[in-house]
Structures are given as structure tokens and as C-alpha cells.
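Take a look at the structure set out below.
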Amino acid sequence: MILVIGATGKVGRQVVGALKARGAAFRVTSRDPLKAAQTLGAGTAIVEADYTRPETLKPALAGVNRLFLLCGPNQHKAELEIAMVDAAKAAGVRHIVKLSVYGADERSSATVMRDHRRIERHIEALGLAWTHLRPNLFMQHFLSHAGAIKAEGVIHAPLERARVSVVDTRDIGAVAAAALTEKGHEGRAYELTGPAAPSYDEIAASFSTQLGRPIRYDNISAEAAHQRMRAAGSAEWHAEVLGEIFAFFRAGEGARISDAIERVTKQRARSMEDFIRDHLAQFRA
Ligand SMILES: NC(=O)c1ccc[n+]([C@@H]2O[C@H](COP(=O)([O-])OP(=O)(O)OC[C@H]3O[C@@H](n4cnc5c(N)ncnc54)[C@H](OP(=O)(O)O)[C@@H]3O)[C@@H](O)[C@H]2O)c1
């Protein structure tokens, strides 16, 4: 039996869709099973659990041998995920497929990248089979720019001319489902990127072409980006860690392109143009 944590989120719901397409036996956790059933559709086995209280995972983990591990944005992510890993090991889980991050490294300047590598190392040290998924910035992140694209025709971001090999969460879900259901993915860390590393100017140009009206990239300062995130409701710690990731990208570190999605899924990775085309209605004024 497979257990998916974080099944209602951006990546988790794609993992669920891909597992269903494979006919795999799985269940998921959510803090709100009724809402999760609306999101994930009938026929999904849902167990109520809250990973800020890892003991609540125990019933969900009964009989589980493969775990998709994810923690949403949380200031205590490393401690929470490590507690989830320990609960999984105690429950007899044999293989953990962990949603990590591109650039995961204990020496990284970015907290998120250091934390993810710390969790990866904890899993490795327990002697469990593991597969680390290290995606770059999600294309679905651009849905958070939909309001400004519709109202002002602008994408505001503090990325200068940085190139970022953005990746579609649908492809991450497909790789996760393969790792959870096939042999041969144990002991692998997959860097997951799209097929190109566009700059934000190029992304704005792709939006212009597909929307048929000019969309411009507004290169704002790091401080202005911080203020915008705070005004949009991000907590101070969250705006700070996102600011570290933007700095990592500005330093030119986000442009590596990997073929792991195509190698694992035998399908080409979706491009930013594919993502825009498939979500046009959400960006139309
Ligand atoms: N955003 C990016 O571009 C990016 C890029 C690379 C890596 N990542 C990594 O991706 C991960 C986040 O994935 P995501 O964006 O798919 O997450 P998300 O959309 O924020 O979803 C979070 C999920 O976690 C569940 N959750 C939240 N709090 C919970 C709690 N206390 N107990 C149990 N479940 C809880 C939610 O389920 P319920 O509400 O149903 O309980 C939801 O399904 C992070 O580790 C991040 O570092 C993000």
C-alpha cells in the first residue's frame, strides 16, 4: 500500500492523478477529509492526519510500505519531515519518495535548500530505500501572477535576467508515481526541470504571444518583492526564505536542465509554452 501525504496540494494532487492512471492501490492524508474528497474526487481513500502531530499519522501508516513525503510551507519543515520519516520507519515503511528541491545542499545560501538536504540525509541514514525528487520552481507558481497579468499585463519579480528551468507539477506527479510503483528508482536523486531555462522576459513574451496582448516583465527590487509578499499575506519568515531563493536564481544557479523527467516517464517534459496554453483561461482578462 502507498500513502501520499500532502495530496491536496500543487504536487500531491498530480501524484494522486498519476497513481490513479496507473491503477495503483493508495490512500492519502488530509487535515480535512471532506474538502479533500471534493478536490480529489470520489473513490480516493482519505485518512485524517495532521503532520504537526506525527502521532496522528500512525493509523494512516498502518500497512503502508511506500510513502510519498511532502511538507507544505512551514517554518519547522525540517523537524516536521524528520518526525514523519521516523513515524514511517517505525510503522514499517520500506521506501520513501521525498519531494525535495532543486539545489538541495547543506551548504546552500538558501534555508529551504539546506533543510531539504538535511531531511534527505536523515532518510538515507535510516537504511530505508529512498528516491529524492528535486524540482525547480513550479510553473504553477505563475498562477499566483494571474491577477497582475489580467489586470495590468505585468509579471512583477525580482529576478533580473536570471534563467530558471521551471517545471510543471504534472511532470513531477508522473515521476513520483513511477518511483512509487516501479522498481529501479531506489537510491536515485532526480533533478526535475523543464526542457528549457527561460528568463522572465522570455516568459512574458510567451504570455504575450499566447494571450494576444502585451505582457511585460517588471524587474522589481528584492525589497519590493518582500513587501509585495507580505502585503499578499505571507508570513515574515516565508517572505525571507522565498527572498533567499530569488537571490539564488539571480546568482545564475537556477538554469541547469535535466532530462530526468523524460528518462523516467518516457514523455517529454512540458515547456512553459505548454503550461501557458493549458491554463490560458486563468490568465485571460
Ligand atoms: N513552490 C515551488 O516552486 C517549489 C519548488 C520546488 C520544491 N518545492 C517544495 O514543494 C513542497 C510544497 O509542495 P506543494 O507546493 O505541493 O505544497 P502545497 O500546495 O502548499 O500543499 C501542501 C499540502 O500539505 C498538506 N498540509 C499542510 N499542512 C498540513 C498539516 N499540518 N498536516 C497534514 N497535511 C498538511 C495540505 O493538505 P490539507 O490542507 O488537505 O491537510 C496540502 O495537501 C515544499 O517542500 C517546497 O519546498 C516547491
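Each chain in the C-alpha cells gets a letter, A, B and so on, in the order shown; residues start at 1 in every chain, and ligands are counted from 1 in the order they appear.
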
Please tabulate, as JSON lines, the residues of chain A that come within 8 Å of ligand 1, each with its closest pair of atoms and the distance in Å to one decimal, counting only C-alpha atoms and all ligand atoms and ordering rows by chain, then residue number upward.
```
{"residue": "A:Ile5", "atom": "CA", "partner": "ligand 1", "partner_atom_place_in_ligand_line": "34 (N)", "distance": 6.5}
{"residue": "A:Gly6", "atom": "CA", "partner": "ligand 1", "partner_atom_place_in_ligand_line": "43 (O)", "distance": 3.3}
{"residue": "A:Ala7", "atom": "CA", "partner": "ligand 1", "partner_atom_place_in_ligand_line": "43 (O)", "distance": 4.5}
{"residue": "A:Thr8", "atom": "CA", "partner": "ligand 1", "partner_atom_place_in_ligand_line": "43 (O)", "distance": 3.6}
{"residue": "A:Gly9", "atom": "CA", "partner": "ligand 1", "partner_atom_place_in_ligand_line": "21 (O)", "distance": 3.3}
{"residue": "A:Lys10", "atom": "CA", "partner": "ligand 1", "partner_atom_place_in_ligand_line": "16 (O)", "distance": 3.7}
{"residue": "A:Val11", "atom": "CA", "partner": "ligand 1", "partner_atom_place_in_ligand_line": "16 (O)", "distance": 3.8}
{"residue": "A:Gly12", "atom": "CA", "partner": "ligand 1", "partner_atom_place_in_ligand_line": "16 (O)", "distance": 5.5}
{"residue": "A:Arg13", "atom": "CA", "partner": "ligand 1", "partner_atom_place_in_ligand_line": "43 (O)", "distance": 7.6}
{"residue": "A:Thr29", "atom": "CA", "partner": "ligand 1", "partner_atom_place_in_ligand_line": "34 (N)", "distance": 6.7}
{"residue": "A:Ser30", "atom": "CA", "partner": "ligand 1", "partner_atom_place_in_ligand_line": "41 (O)", "distance": 3.8}
{"residue": "A:Arg31", "atom": "CA", "partner": "ligand 1", "partner_atom_place_in_ligand_line": "41 (O)", "distance": 3.7}
{"residue": "A:Asp32", "atom": "CA", "partner": "ligand 1", "partner_atom_place_in_ligand_line": "40 (O)", "distance": 5.6}
{"residue": "A:Pro33", "atom": "CA", "partner": "ligand 1", "partner_atom_place_in_ligand_line": "40 (O)", "distance": 7.1}
{"residue": "A:Lys35", "atom": "CA", "partner": "ligand 1", "partner_atom_place_in_ligand_line": "40 (O)", "distance": 7.3}
{"residue": "A:Ala36", "atom": "CA", "partner": "ligand 1", "partner_atom_place_in_ligand_line": "40 (O)", "distance": 5.6}
{"residue": "A:Ala49", "atom": "CA", "partner": "ligand 1", "partner_atom_place_in_ligand_line": "33 (C)", "distance": 5.7}
{"residue": "A:Asp50", "atom": "CA", "partner": "ligand 1", "partner_atom_place_in_ligand_line": "32 (N)", "distance": 3.3}
{"residue": "A:Tyr51", "atom": "CA", "partner": "ligand 1", "partner_atom_place_in_ligand_line": "32 (N)", "distance": 3.9}
{"residue": "A:Thr52", "atom": "CA", "partner": "ligand 1", "partner_atom_place_in_ligand_line": "31 (N)", "distance": 4.9}
{"residue": "A:Arg53", "atom": "CA", "partner": "ligand 1", "partner_atom_place_in_ligand_line": "31 (N)", "distance": 7.6}
{"residue": "A:Leu70", "atom": "CA", "partner": "ligand 1", "partner_atom_place_in_ligand_line": "45 (O)", "distance": 5.7}
{"residue": "A:Cys71", "atom": "CA", "partner": "ligand 1", "partner_atom_place_in_ligand_line": "45 (O)", "distance": 4.9}
{"residue": "A:Gly72", "atom": "CA", "partner": "ligand 1", "partner_atom_place_in_ligand_line": "22 (C)", "distance": 3.9}
{"residue": "A:Pro73", "atom": "CA", "partner": "ligand 1", "partner_atom_place_in_ligand_line": "20 (O)", "distance": 5.8}
{"residue": "A:Asn74", "atom": "CA", "partner": "ligand 1", "partner_atom_place_in_ligand_line": "28 (N)", "distance": 7.9}
{"residue": "A:Lys77", "atom": "CA", "partner": "ligand 1", "partner_atom_place_in_ligand_line": "45 (O)", "distance": 7.6}
{"residue": "A:Leu99", "atom": "CA", "partner": "ligand 1", "partner_atom_place_in_ligand_line": "45 (O)", "distance": 6.2}
{"residue": "A:Ser100", "atom": "CA", "partner": "ligand 1", "partner_atom_place_in_ligand_line": "7 (C)", "distance": 5.8}
{"residue": "A:Val101", "atom": "CA", "partner": "ligand 1", "partner_atom_place_in_ligand_line": "7 (C)", "distance": 4.2}
{"residue": "A:Tyr102", "atom": "CA", "partner": "ligand 1", "partner_atom_place_in_ligand_line": "6 (C)", "distance": 6.3}
{"residue": "A:Val112", "atom": "CA", "partner": "ligand 1", "partner_atom_place_in_ligand_line": "47 (O)", "distance": 6.1}
{"residue": "A:Met113", "atom": "CA", "partner": "ligand 1", "partner_atom_place_in_ligand_line": "47 (O)", "distance": 7.8}
{"residue": "A:His116", "atom": "CA", "partner": "ligand 1", "partner_atom_place_in_ligand_line": "47 (O)", "distance": 7.3}
{"residue": "A:Arg134", "atom": "CA", "partner": "ligand 1", "partner_atom_place_in_ligand_line": "6 (C)", "distance": 6.7}
{"residue": "A:Pro135", "atom": "CA", "partner": "ligand 1", "partner_atom_place_in_ligand_line": "6 (C)", "distance": 4.7}
{"residue": "A:Asn136", "atom": "CA", "partner": "ligand 1", "partner_atom_place_in_ligand_line": "6 (C)", "distance": 4.9}
{"residue": "A:Leu137", "atom": "CA", "partner": "ligand 1", "partner_atom_place_in_ligand_line": "3 (O)", "distance": 3.6}
{"residue": "A:Phe138", "atom": "CA", "partner": "ligand 1", "partner_atom_place_in_ligand_line": "3 (O)", "distance": 3.8}
{"residue": "A:Met139", "atom": "CA", "partner": "ligand 1", "partner_atom_place_in_ligand_line": "3 (O)", "distance": 7.2}
{"residue": "A:Gln140", "atom": "CA", "partner": "ligand 1", "partner_atom_place_in_ligand_line": "3 (O)", "distance": 7.5}
{"residue": "A:His141", "atom": "CA", "partner": "ligand 1", "partner_atom_place_in_ligand_line": "3 (O)", "distance": 5.9}
```

Practice problem: Please provide the set of residues having any atom within 9 Å of Phe248 (chain A), restricted to only C-alpha atoms, with same-chain residues fewer than 4 positions apart removed, written as a list in words. | Solution: Ser108, Ser109, Ala110, Gly243, Glu244, Gly252, Glu253 and Gly254 of chain A

Those residues you just picked out, can you put them in a file as a PDB file, in the first residue's frame with C-alpha atoms?
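Output (selection21.pdb):
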```
ATOM      1  CA  SER A 108      23.373  26.349   0.281  1.00  0.00           C
ATOM      2  CA  SER A 109      22.771  30.026   0.982  1.00  0.00           C
ATOM      3  CA  ALA A 110      19.015  29.250   0.911  1.00  0.00           C
ATOM      4  CA  GLY A 243      13.787  36.010  -0.981  1.00  0.00           C
ATOM      5  CA  GLU A 244      16.782  33.675  -0.490  1.00  0.00           C
ATOM      6  CA  GLY A 252      22.549  32.261 -12.091  1.00  0.00           C
ATOM      7  CA  GLU A 253      22.145  28.998 -10.160  1.00  0.00           C
ATOM      8  CA  GLY A 254      18.661  28.073 -11.427  1.00  0.00           C
TER       9      GLY A 254
END
```

Residues flagged strand (DSSP E or B) by DSSP in region 46-257 of chain A, as a CSV table (one decimal) with C-alpha atoms, in the first residue's frame:
```csv
chain,number,residue,atom,x,y,z
A,46,ILE,CA,-8.6,9.6,2.7
A,47,VAL,CA,-7.4,9.4,6.3
A,48,GLU,CA,-7.5,12.4,8.5
A,66,ARG,CA,5.8,3.1,0.2
A,67,LEU,CA,5.4,6.7,1.2
A,68,PHE,CA,5.2,9.9,-0.8
A,69,LEU,CA,6.6,12.5,1.7
A,95,HIS,CA,10.6,3.1,0.6
A,96,ILE,CA,10.2,6.9,0.9
A,97,VAL,CA,9.8,9.1,-2.2
A,98,LYS,CA,10.5,12.6,-0.9
A,99,LEU,CA,9.6,15.8,-2.5
A,129,ALA,CA,15.1,2.7,0.3
A,130,TRP,CA,14.8,6.3,-0.9
A,131,THR,CA,14.1,8.4,-4.0
A,132,HIS,CA,14.6,12.2,-3.8
A,133,LEU,CA,12.7,14.4,-6.3
A,134,ARG,CA,14.4,17.8,-6.6
A,135,PRO,CA,12.2,20.0,-8.7
A,138,PHE,CA,6.9,25.2,-10.3
A,154,VAL,CA,2.6,42.6,-15.9
A,155,ILE,CA,4.7,40.0,-14.2
A,156,HIS,CA,6.5,41.5,-11.1
A,157,ALA,CA,9.5,39.6,-9.9
A,163,ARG,CA,17.2,32.0,-16.3
A,167,VAL,CA,9.0,22.6,-14.2
A,188,ARG,CA,18.2,7.9,-7.0
A,189,ALA,CA,18.0,11.7,-6.7
A,190,TYR,CA,16.2,13.2,-9.7
A,191,GLU,CA,16.7,16.8,-10.5
A,192,LEU,CA,13.4,17.8,-12.2
A,199,SER,CA,14.3,34.3,-18.5
A,216,ARG,CA,5.7,42.8,-19.7
A,217,TYR,CA,8.2,41.7,-17.1
A,218,ASP,CA,8.7,44.3,-14.3
A,219,ASN,CA,12.0,43.6,-12.6
```

Self-check item: Between CA of Ser221 (chain A) and CA of Leu159 (chain A) - distance in Å to one decimal
Solution: 8.5 Å

Quiz item: Expressed in Å to a single decimal, how great is the separation between CA of Val4 (chain A) and CA of Met84 (chain A)?
Solution: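 Pair CA of Val4 (chain A) / CA of Met84 (chain A) returns 12.1 Å.
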
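When the distance limit is 12 Å and only C-alpha atoms are what count, the residues near Lys266 (chain A), minus those fewer than 3 positions from it on the same chain, are Asp171, Ala174, Val175, Ala178, Asp259, Ala260, Ile261, Glu262, Arg263 and Ala269 of chain A.
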
Can you write out the residues you just picked, keeping C-alpha atoms, as a PDB file, in the first residue's frame?
```
ATOM      1  CA  ASP A 171       5.504  16.081 -14.654  1.00  0.00           C
ATOM      2  CA  ALA A 174       4.241  11.486 -13.111  1.00  0.00           C
ATOM      3  CA  VAL A 175       7.808  10.910 -11.873  1.00  0.00           C
ATOM      4  CA  ALA A 178       6.710   5.947 -11.380  1.00  0.00           C
ATOM      5  CA  ASP A 259      16.426  15.061 -18.771  1.00  0.00           C
ATOM      6  CA  ALA A 260      15.219  13.055 -15.732  1.00  0.00           C
ATOM      7  CA  ILE A 261      11.501  13.589 -16.482  1.00  0.00           C
ATOM      8  CA  GLU A 262      11.866  12.177 -19.986  1.00  0.00           C
ATOM      9  CA  ARG A 263      14.098   9.315 -18.781  1.00  0.00           C
ATOM     10  CA  ALA A 269       8.886  17.372 -20.106  1.00  0.00           C
TER      11      ALA A 269
END
```

Self-check item: Residue with smallest distance to Ala148 (chain A) - pool A:Gln282, A:Ser258, A:Thr169, A:Gln14, counting only C-alpha atoms
Solution: A:Gln282

Quiz item: Hey, can you check how far CA of Gly187 (chain A) sits from CA of Gly103 (chain A)?
Solution: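 A separation of 17.5 Å between them.
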
Self-check item: For Gly153 (chain A): contacts at 12 Å, only C-alpha atoms, fewer than 4 positions along chain excluded, given as a list in words
Solution: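 My list of contacting residues is His145, Ala146, Gly147, Ala148, Ile149, Ala204, Ala205, Phe207, Ser208, Leu211, Gly212, Arg213, Pro214, Ile215, Arg216, Tyr217, Asp218, Phe283, Arg284 and Ala285 of chain A.
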